[in-house]
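Undergrad: As input, take upload_37.cif (mmCIF, C-alpha atoms and all ligand atoms):
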data_target
#
loop_
_atom_site.label_atom_id
_atom_site.label_comp_id
_atom_site.auth_asym_id
_atom_site.auth_seq_id
_atom_site.Cartn_x
_atom_site.Cartn_y
_atom_site.Cartn_z
CA MET A 1 -6.22 42.47 -0.24
CA LYS A 2 -2.44 42.73 -0.58
CA LYS A 3 -0.29 40.39 -2.65
CA ASN A 4 2.08 39.91 0.26
CA ALA A 5 -0.67 38.72 2.61
CA ALA A 6 -0.18 35.08 3.58
CA ILE A 7 -1.83 31.94 2.27
CA GLY A 8 -3.59 30.39 5.29
CA ILE A 9 -3.59 26.60 5.53
CA PHE A 10 -5.23 24.42 8.16
CA ASP A 11 -5.64 20.75 8.98
CA SER A 12 -6.90 18.68 11.88
CA GLY A 13 -3.24 18.29 12.75
CA VAL A 14 0.22 17.86 11.27
CA GLY A 15 -0.83 16.05 8.05
CA GLY A 16 -1.70 19.11 5.98
CA SER A 17 1.96 20.08 6.15
CA SER A 18 2.35 17.57 3.28
CA ILE A 19 0.11 19.92 1.27
CA TRP A 20 2.04 22.95 2.55
CA GLN A 21 5.19 21.36 1.07
CA GLU A 22 3.57 21.17 -2.37
CA ILE A 23 2.39 24.79 -2.12
CA ASN A 24 5.80 26.02 -0.95
CA HIS A 25 7.49 24.06 -3.75
CA LEU A 26 5.28 25.61 -6.45
CA LEU A 27 5.00 29.09 -4.90
CA PRO A 28 8.30 29.64 -3.04
CA ASN A 29 7.80 33.42 -2.65
CA GLU A 30 4.47 33.16 -0.86
CA ASN A 31 4.14 33.91 2.84
CA THR A 32 2.22 31.13 4.59
CA ILE A 33 0.53 30.53 7.94
CA TYR A 34 -0.25 26.92 8.87
CA LEU A 35 -2.58 25.87 11.69
CA ALA A 36 -2.40 22.32 13.07
CA ASP A 37 -5.53 21.72 15.14
CA SER A 38 -3.91 18.65 16.73
CA LYS A 39 -5.83 19.22 19.98
CA ASN A 40 -8.99 18.17 18.10
CA ALA A 41 -7.47 15.43 15.90
CA PRO A 42 -8.68 13.15 14.53
CA TYR A 43 -11.58 14.88 12.78
CA GLY A 44 -12.38 11.61 11.01
CA TYR A 45 -14.69 10.31 13.76
CA LYS A 46 -16.53 13.57 14.44
CA THR A 47 -19.97 14.47 13.12
CA PRO A 48 -20.33 16.78 10.09
CA LYS A 49 -21.59 19.46 12.50
CA GLU A 50 -18.51 19.18 14.73
CA ILE A 51 -16.16 19.13 11.73
CA THR A 52 -17.86 22.24 10.33
CA ALA A 53 -17.62 24.10 13.67
CA LEU A 54 -13.90 23.31 13.94
CA SER A 55 -13.29 24.32 10.31
CA VAL A 56 -15.10 27.64 10.87
CA LYS A 57 -13.00 28.27 14.00
CA ASN A 58 -9.73 27.59 12.12
CA THR A 59 -10.77 29.76 9.17
CA GLU A 60 -11.72 32.62 11.51
CA VAL A 61 -8.24 32.51 13.07
CA LEU A 62 -6.55 32.64 9.66
CA VAL A 63 -8.83 35.41 8.39
CA ARG A 64 -8.08 37.41 11.56
CA MET A 65 -4.35 36.92 10.84
CA GLY A 66 -4.92 38.65 7.48
CA CYS A 67 -4.68 35.70 5.07
CA LYS A 68 -5.60 36.34 1.42
CA LEU A 69 -6.73 32.77 0.63
CA ILE A 70 -7.48 29.68 2.73
CA VAL A 71 -6.43 26.14 1.88
CA VAL A 72 -8.40 23.49 3.73
CA ALA A 73 -5.56 20.93 3.77
CA CYS A 74 -7.82 18.24 5.14
CA ASN A 75 -10.04 15.91 3.10
CA THR A 76 -12.36 15.34 6.07
CA ALA A 77 -12.90 19.07 6.60
CA THR A 78 -13.27 19.76 2.88
CA THR A 79 -15.80 17.01 2.20
CA ASN A 80 -17.90 17.97 5.24
CA ALA A 81 -17.55 21.72 5.55
CA ILE A 82 -16.36 23.48 2.40
CA SER A 83 -19.73 24.77 1.23
CA GLU A 84 -20.45 26.23 4.69
CA LEU A 85 -16.99 27.87 4.73
CA ARG A 86 -17.51 29.34 1.26
CA SER A 87 -20.87 30.77 2.23
CA LYS A 88 -19.56 32.22 5.51
CA PHE A 89 -16.28 33.80 4.42
CA ASN A 90 -15.73 36.30 1.67
CA ILE A 91 -12.28 35.00 0.71
CA PRO A 92 -11.18 32.30 -1.76
CA ILE A 93 -11.24 28.84 -0.16
CA ILE A 94 -9.47 25.88 -1.76
CA GLY A 95 -10.21 22.36 -0.59
CA ILE A 96 -8.74 18.91 -1.03
CA GLU A 97 -10.60 15.79 -2.07
CA PRO A 98 -9.35 12.22 -2.63
CA ALA A 99 -7.83 11.77 -6.12
CA VAL A 100 -10.56 9.37 -7.26
CA LYS A 101 -10.88 10.86 -10.74
CA PRO A 102 -7.21 10.48 -11.83
CA ALA A 103 -7.05 6.98 -10.32
CA ALA A 104 -10.22 5.88 -12.11
CA LEU A 105 -8.98 7.32 -15.41
CA LYS A 106 -5.51 5.78 -15.14
CA SER A 107 -6.51 2.33 -13.88
CA THR A 108 -6.10 -0.52 -16.36
CA SER A 109 -7.08 -3.26 -13.93
CA LYS A 110 -10.32 -1.31 -13.36
CA SER A 111 -9.83 -1.71 -9.64
CA ILE A 112 -8.61 1.04 -7.29
CA GLY A 113 -8.20 1.35 -3.54
CA ILE A 114 -9.00 4.41 -1.46
CA LEU A 115 -7.66 4.92 2.05
CA ALA A 116 -9.37 7.78 3.89
CA THR A 117 -11.15 8.67 7.11
CA LYS A 118 -14.62 7.58 8.12
CA GLY A 119 -15.74 11.22 7.93
CA THR A 120 -14.59 11.56 4.32
CA PHE A 121 -16.22 8.32 3.15
CA SER A 122 -19.53 9.18 4.83
CA SER A 123 -19.70 12.71 3.37
CA ILE A 124 -22.16 13.71 0.66
CA LEU A 125 -19.38 15.33 -1.39
CA PHE A 126 -17.29 12.15 -1.47
CA SER A 127 -20.26 10.01 -2.36
CA LYS A 128 -21.09 12.32 -5.28
CA THR A 129 -17.51 12.16 -6.61
CA SER A 130 -17.14 8.41 -6.18
CA THR A 131 -20.51 7.69 -7.83
CA LYS A 132 -19.47 9.83 -10.78
CA TYR A 133 -16.27 7.87 -11.44
CA SER A 134 -17.29 4.41 -10.28
CA LYS A 135 -18.86 3.30 -13.56
CA ASN A 136 -16.93 0.21 -14.72
CA ILE A 137 -14.42 0.68 -11.89
CA SER A 138 -14.37 -1.25 -8.67
CA MET A 139 -13.45 1.00 -5.74
CA MET A 140 -12.35 -0.54 -2.49
CA GLU A 141 -12.85 1.98 0.32
CA VAL A 142 -10.87 1.31 3.50
CA VAL A 143 -11.00 3.51 6.61
CA GLY A 144 -7.47 4.14 7.89
CA GLU A 145 -8.48 3.75 11.53
CA GLY A 146 -5.61 4.52 13.89
CA LEU A 147 -3.25 5.93 11.27
CA VAL A 148 -3.76 9.63 12.08
CA PRO A 149 -3.12 9.26 15.85
CA LEU A 150 0.12 7.36 15.11
CA ILE A 151 1.29 10.05 12.67
CA GLU A 152 0.34 12.79 15.16
CA ALA A 153 2.50 10.96 17.73
CA GLY A 154 5.40 10.81 15.24
CA LYS A 155 5.18 6.99 15.09
CA ILE A 156 5.48 6.63 11.33
CA LYS A 157 8.20 4.01 11.36
CA SER A 158 6.74 1.75 14.04
CA THR A 159 5.59 -1.85 14.30
CA GLU A 160 2.02 -0.68 15.00
CA MET A 161 2.05 1.36 11.79
CA THR A 162 3.40 -1.51 9.68
CA GLN A 163 0.75 -3.85 11.08
CA LEU A 164 -2.08 -1.42 10.30
CA LEU A 165 -0.81 -0.75 6.78
CA LEU A 166 -0.50 -4.49 6.08
CA LYS A 167 -4.05 -5.01 7.32
CA TYR A 168 -5.53 -2.16 5.25
CA THR A 169 -3.70 -2.91 2.00
CA LYS A 170 -4.13 -6.72 2.01
CA PRO A 171 -7.74 -6.73 0.72
CA MET A 172 -6.82 -4.09 -1.85
CA ILE A 173 -3.93 -6.16 -3.20
CA GLU A 174 -6.24 -9.18 -3.32
CA ALA A 175 -8.75 -7.07 -5.28
CA ASP A 176 -5.99 -6.43 -7.88
CA ILE A 177 -5.91 -2.65 -7.50
CA ASP A 178 -3.36 -0.83 -9.65
CA TYR A 179 -3.78 2.56 -7.91
CA LEU A 180 -4.02 3.42 -4.24
CA VAL A 181 -5.56 6.83 -3.49
CA LEU A 182 -4.38 8.46 -0.27
CA GLY A 183 -7.53 10.36 0.70
CA CYS A 184 -6.20 12.00 3.85
CA SER A 185 -3.52 14.67 3.98
CA HIS A 186 -1.68 12.83 6.76
CA TYR A 187 -1.09 9.77 4.58
CA PRO A 188 1.54 11.09 2.11
CA TYR A 189 3.94 10.78 5.06
CA LEU A 190 3.29 7.02 4.87
CA ILE A 191 4.43 6.65 1.25
CA PRO A 192 7.92 5.26 2.13
CA GLU A 193 6.28 2.69 4.45
CA LEU A 194 3.60 1.83 1.88
CA LYS A 195 6.21 1.31 -0.82
CA LYS A 196 7.82 -1.38 1.34
CA ILE A 197 4.50 -3.23 1.49
CA LEU A 198 2.80 -2.72 -1.87
CA PRO A 199 3.71 -4.62 -5.05
CA ALA A 200 5.80 -2.31 -7.26
CA HIS A 201 3.15 -2.02 -10.00
CA ILE A 202 0.65 -0.27 -7.67
CA GLY A 203 0.79 3.50 -8.11
CA ILE A 204 0.14 5.81 -5.16
CA LEU A 205 -1.86 8.99 -5.78
CA HIS A 206 -2.72 11.97 -3.63
CA SER A 207 -4.02 15.45 -4.35
CA GLY A 208 -1.24 17.66 -2.98
CA GLU A 209 0.15 18.85 -6.30
CA ALA A 210 -3.34 19.51 -7.69
CA VAL A 211 -4.17 21.64 -4.65
CA ALA A 212 -0.97 23.66 -5.09
CA LYS A 213 -1.78 24.26 -8.78
CA HIS A 214 -5.34 25.25 -7.93
CA THR A 215 -3.99 27.69 -5.31
CA GLU A 216 -1.65 29.20 -7.90
CA SER A 217 -4.34 29.60 -10.58
CA THR A 218 -6.81 31.09 -8.09
CA LEU A 219 -4.30 33.67 -6.85
CA ALA A 220 -3.24 34.45 -10.44
CA SER A 221 -6.85 35.00 -11.52
CA MET A 222 -7.30 37.50 -8.67
CA ASN A 223 -3.93 39.17 -9.33
CA LEU A 224 -2.86 38.19 -5.82
CA LEU A 225 0.33 36.21 -6.51
CA GLN A 226 3.24 37.48 -4.42
CA ASP A 227 5.72 38.93 -6.90
CA GLU A 228 8.47 40.16 -4.57
CA GLU A 229 11.50 37.87 -4.63
CA LYS A 230 12.42 37.75 -0.96
CA GLN A 231 12.62 35.15 1.78
CA PRO A 232 8.99 34.48 2.72
CA SER A 233 7.61 34.29 6.23
CA LEU A 234 6.65 30.64 6.91
CA GLN A 235 4.76 30.38 10.18
CA PHE A 236 3.43 27.19 11.75
CA TYR A 237 1.14 27.03 14.77
CA THR A 238 -0.03 24.00 16.70
CA ASN A 239 -2.34 23.87 19.72
CA THR A 240 -0.53 20.88 21.29
CA GLU A 241 3.21 20.44 20.97
CA VAL A 242 5.78 21.26 18.30
CA SER A 243 7.88 18.10 17.99
CA THR A 244 5.98 16.13 15.30
CA LEU A 245 5.61 19.14 13.01
CA GLN A 246 9.27 19.97 13.49
CA TYR A 247 10.18 16.38 12.64
CA LEU A 248 7.99 16.25 9.51
CA LEU A 249 9.38 19.60 8.34
CA ARG A 250 12.99 18.93 9.30
CA ASP A 251 14.20 19.65 5.75
CA TYR A 252 12.91 23.22 6.15
CA SER A 253 14.13 23.81 9.69
CA GLU A 254 16.27 26.83 8.78
CA ASN A 255 13.37 28.73 7.22
CA ILE A 256 10.33 27.93 9.33
CA THR A 257 9.15 28.57 12.85
CA VAL A 258 6.79 26.24 14.74
CA ARG A 259 5.02 27.81 17.70
CA ILE A 260 2.35 26.82 20.18
CA LYS A 261 -0.85 28.86 20.01
CA ASP A 262 -4.17 28.46 21.71
CA PHE A 263 -6.93 28.34 19.11
N1 LIG B 301 -5.80 15.08 7.59
C1 LIG B 301 -7.17 14.89 7.53
C2 LIG B 301 -7.71 14.50 6.18
O1 LIG B 301 -7.14 14.88 5.19
C3 LIG B 301 -7.97 14.36 8.65
C4 LIG B 301 -7.47 13.33 9.55
C5 LIG B 301 -8.30 13.29 10.78
O2 LIG B 301 -8.20 14.23 11.55
O3 LIG B 301 -9.07 12.32 10.95
O4 LIG B 301 -8.71 13.85 6.09
#
Can you turn what I pasted into structure tokens?
Ligand code: DGL
TA:
Amino acid sequence: MKKNAAIGIFDSGVGGSSIWQEINHLLPNENTIYLADSKNAPYGYKTPKEITALSVKNTEVLVRMGCKLIVVACNTATTNAISELRSKFNIPIIGIEPAVKPAALKSTSKSIGILATKGTFSSILFSKTSTKYSKNISMMEVVGEGLVPLIEAGKIKSTEMTQLLLKYTKPMIEADIDYLVLGCSHYPYLIPELKKILPAHIGILHSGEAVAKHTESTLASMNLLQDEEKQPSLQFYTNTEVSTLQYLLRDYSENITVRIKDF
């Protein structure tokens, strides 16, 4: 494998681009290829079998495009499909899981909230992690129903979004949480909206930076970090339409391309 091969990243849609931003920030020389499987979003209500089949399909596309490492930038896909992906593909695969551990360790009120998809909460992997860190900590799990479709449609600053966020955070605030874990890669795009709603003492955590660091250490351990200092190729593909990705990545518009691809 060559050092200048791309890092392949996929999500059920546009949300994993929040993870791409963390990777690009930490590893600015790396070439990247991002797949937004928006045609099949949301994954959160699919069965583990369906989520695994879609994750295998996305990984196959990225492997065929010559990627040196795959980042599953989707908590739902990671918690349901990562072991199958690792057994099927002979390439390093990094996943993302809700930041339950740091929240549980940091919490002084001993109460944390987790917002994620139904598919993540019902997975075996999530239940293992949450059981491990739930001793002496109360964890309020809330399914963010409807949030992903609104983000996919670019309706982040909308009345519908505000109403849903108020509804989902109310019981958490009442339960005196001091950390809110965003357990879906779409949700970091909601941080400005959440900050308007949540009391200032509630910290918001997600796993984007940890995934970027894990990507860096994995590539370093395999001697696969890109060491040429040149403008990287940053390719984005969606199987629906380009406008939401272009909007979310507007700060990068001079350096990226977003294209439609059938996959
Ligand atoms: N972005 C995804 C996640 O991290 C999945 C959202 C969905 O498709 O339901 O869980």
Undergrad: Once you count only C-alpha atoms and all ligand atoms, what closest atom pair and distance in Å to one decimal does each residue of chain A within 9 Å of ligand LIG 301 (chain B) have, with rows by chain and rising residue number, as a Markdown table?
TA:
| residue | atom | partner | partner_atom | distance |
| --- | --- | --- | --- | --- |
| A:Asp11 | CA | B:LIG301 | N1 | 5.8 |
| A:Ser12 | CA | B:LIG301 | O2 | 4.6 |
| A:Gly13 | CA | B:LIG301 | O2 | 6.5 |
| A:Val14 | CA | B:LIG301 | N1 | 7.6 |
| A:Gly15 | CA | B:LIG301 | N1 | 5.1 |
| A:Gly16 | CA | B:LIG301 | N1 | 6.0 |
| A:Asp37 | CA | B:LIG301 | O2 | 8.7 |
| A:Ser38 | CA | B:LIG301 | O2 | 8.0 |
| A:Asn40 | CA | B:LIG301 | O2 | 7.7 |
| A:Ala41 | CA | B:LIG301 | O2 | 4.6 |
| A:Pro42 | CA | B:LIG301 | O2 | 3.2 |
| A:Tyr43 | CA | B:LIG301 | O2 | 3.7 |
| A:Gly44 | CA | B:LIG301 | O3 | 3.4 |
| A:Tyr45 | CA | B:LIG301 | O3 | 6.6 |
| A:Lys46 | CA | B:LIG301 | O3 | 8.3 |
| A:Val72 | CA | B:LIG301 | O1 | 8.8 |
| A:Ala73 | CA | B:LIG301 | O1 | 6.4 |
| A:Cys74 | CA | B:LIG301 | O1 | 3.4 |
| A:Asn75 | CA | B:LIG301 | O1 | 3.7 |
| A:Thr76 | CA | B:LIG301 | O4 | 3.9 |
| A:Ala77 | CA | B:LIG301 | O4 | 6.7 |
| A:Thr78 | CA | B:LIG301 | O4 | 8.1 |
| A:Thr79 | CA | B:LIG301 | O4 | 8.7 |
| A:Ile96 | CA | B:LIG301 | O1 | 7.6 |
| A:Glu97 | CA | B:LIG301 | O1 | 8.1 |
| A:Pro98 | CA | B:LIG301 | O1 | 8.6 |
| A:Ala116 | CA | B:LIG301 | O4 | 6.5 |
| A:Thr117 | CA | B:LIG301 | O3 | 5.7 |
| A:Lys118 | CA | B:LIG301 | O3 | 7.8 |
| A:Gly119 | CA | B:LIG301 | O3 | 7.4 |
| A:Thr120 | CA | B:LIG301 | O4 | 6.6 |
| A:Gly144 | CA | B:LIG301 | O3 | 8.9 |
| A:Glu145 | CA | B:LIG301 | O3 | 8.6 |
| A:Leu147 | CA | B:LIG301 | O3 | 8.6 |
| A:Val148 | CA | B:LIG301 | C4 | 5.8 |
| A:Pro149 | CA | B:LIG301 | O3 | 8.3 |
| A:Leu182 | CA | B:LIG301 | O1 | 8.9 |
| A:Gly183 | CA | B:LIG301 | O1 | 6.4 |
| A:Cys184 | CA | B:LIG301 | O1 | 3.3 |
| A:Ser185 | CA | B:LIG301 | O1 | 3.8 |
| A:His186 | CA | B:LIG301 | N1 | 4.8 |
| A:Tyr187 | CA | B:LIG301 | N1 | 7.7 |
Undergrad: Which protein, DNA or RNA residues are at most 12 Å from (3.6, -5.1, -5.8) in the file's coordinates when you count all atoms listed in the file, listed as a list in words?
TA: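 Here is the list of nearby residues: Thr169, Lys170, Met172, Ile173, Glu174, Asp176, Ile177, Asp178, Tyr179, Leu180, Leu194, Lys195, Lys196, Ile197, Leu198, Pro199, Ala200, His201, Ile202, Gly203 and Ile204 of chain A.
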Undergrad: Suppose we keep C-alpha atoms; can you now write the selection as a PDB file, keeping the file's coordinate frame?
TA:
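Saved as again_0.pdb:
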ATOM      1  CA  THR A 169      -3.700  -2.910   2.000  1.00  0.00           C
ATOM      2  CA  LYS A 170      -4.130  -6.720   2.010  1.00  0.00           C
ATOM      3  CA  MET A 172      -6.820  -4.090  -1.850  1.00  0.00           C
ATOM      4  CA  ILE A 173      -3.930  -6.160  -3.200  1.00  0.00           C
ATOM      5  CA  GLU A 174      -6.240  -9.180  -3.320  1.00  0.00           C
ATOM      6  CA  ASP A 176      -5.990  -6.430  -7.880  1.00  0.00           C
ATOM      7  CA  ILE A 177      -5.910  -2.650  -7.500  1.00  0.00           C
ATOM      8  CA  ASP A 178      -3.360  -0.830  -9.650  1.00  0.00           C
ATOM      9  CA  TYR A 179      -3.780   2.560  -7.910  1.00  0.00           C
ATOM     10  CA  LEU A 180      -4.020   3.420  -4.240  1.00  0.00           C
ATOM     11  CA  LEU A 194       3.600   1.830   1.880  1.00  0.00           C
ATOM     12  CA  LYS A 195       6.210   1.310  -0.820  1.00  0.00           C
ATOM     13  CA  LYS A 196       7.820  -1.380   1.340  1.00  0.00           C
ATOM     14  CA  ILE A 197       4.500  -3.230   1.490  1.00  0.00           C
ATOM     15  CA  LEU A 198       2.800  -2.720  -1.870  1.00  0.00           C
ATOM     16  CA  PRO A 199       3.710  -4.620  -5.050  1.00  0.00           C
ATOM     17  CA  ALA A 200       5.800  -2.310  -7.260  1.00  0.00           C
ATOM     18  CA  HIS A 201       3.150  -2.020 -10.000  1.00  0.00           C
ATOM     19  CA  ILE A 202       0.650  -0.270  -7.670  1.00  0.00           C
ATOM     20  CA  GLY A 203       0.790   3.500  -8.110  1.00  0.00           C
ATOM     21  CA  ILE A 204       0.140   5.810  -5.160  1.00  0.00           C
TER      22      ILE A 204
END
Undergrad: Compare A:Lys261, A:Lys157, A:Lys3, A:His206 by their minimum atom-to-atom distance to A:Pro102, counting only C-alpha atoms, and give me the closest one.
TA: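 Once distances to A:Pro102 are computed over only C-alpha atoms, the minimum belongs to A:His206.
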Undergrad: So, with all atoms listed in the file as the atoms that count, which of A:Ala153, A:Val211, A:Leu234, A:Ile124 lies closest to A:Pro48?
TA: A:Ile124
Undergrad: Rounded to one decimal place, report the atom CA of A:Pro171-atom CA of A:Pro188 distance in Å.
TA: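 Computed distance, atom CA of A:Pro171 to atom CA of A:Pro188, equals 20.1 Å.
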Undergrad: Please measure the separation of atom CA of A:Ser83 and atom CA of A:Tyr133, giving the value in Å to one decimal.
TA: 21.4 Å
Undergrad: Find, counting all atoms listed in the file, the residue in A:Leu224, A:Val71, A:Leu150, A:Met139 that gets nearest to A:Val100.
TA: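 Using all atoms listed in the file, the shortest distance to A:Val100 belongs to A:Met139.
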Undergrad: So, with only C-alpha atoms as the atoms that count, which of A:Val143, A:Ala220, A:Ala81, A:Met65 lies closest to A:Gly113?
TA: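 Checking each candidate against A:Gly113, we get A:Val143 as the closest.
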Undergrad: For A:Glu241, please output as a short mmCIF file (atom, residue, chain, number, x, y, z; two decimals) with C-alpha atoms, keeping the file's coordinate frame all residues within 10 Å (counting all atoms listed in the file; exclusion window: fewer than 2 positions along the same chain).
TA:
data_model
loop_
_atom_site.label_atom_id
_atom_site.label_comp_id
_atom_site.auth_asym_id
_atom_site.auth_seq_id
_atom_site.Cartn_x
_atom_site.Cartn_y
_atom_site.Cartn_z
CA ALA A 36 -2.40 22.32 13.07
CA SER A 38 -3.91 18.65 16.73
CA LYS A 39 -5.83 19.22 19.98
CA TYR A 237 1.14 27.03 14.77
CA THR A 238 -0.03 24.00 16.70
CA ASN A 239 -2.34 23.87 19.72
CA SER A 243 7.88 18.10 17.99
CA THR A 244 5.98 16.13 15.30
CA LEU A 245 5.61 19.14 13.01
CA GLN A 246 9.27 19.97 13.49
CA VAL A 258 6.79 26.24 14.74
CA ARG A 259 5.02 27.81 17.70
CA ILE A 260 2.35 26.82 20.18
CA LYS A 261 -0.85 28.86 20.01
#
Undergrad: Kindly give the distance, in Å, that separates atom CA of A:Ile91 and atom CA of A:Cys67, rounded to a single decimal.
TA: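 Separation of atom CA of A:Ile91 and atom CA of A:Cys67: 8.8 Å.
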Undergrad: Pick out the closest residue to A:Asn90 from this set: A:Leu69, A:Met140, A:Leu166, A:Ile112. Count all atoms listed in the file.
TA: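 Going through A:Leu69, A:Met140, A:Leu166, A:Ile112 one by one, the smallest distance to A:Asn90 is for A:Leu69.
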Undergrad: Select, from A:Leu205, A:Ile191, A:Leu105, A:Leu27, the residue with the minimum atom-to-atom distance to A:Asn136, counting all atoms listed in the file.
TA: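 For A:Asn136, the nearest of the candidates is A:Leu105.
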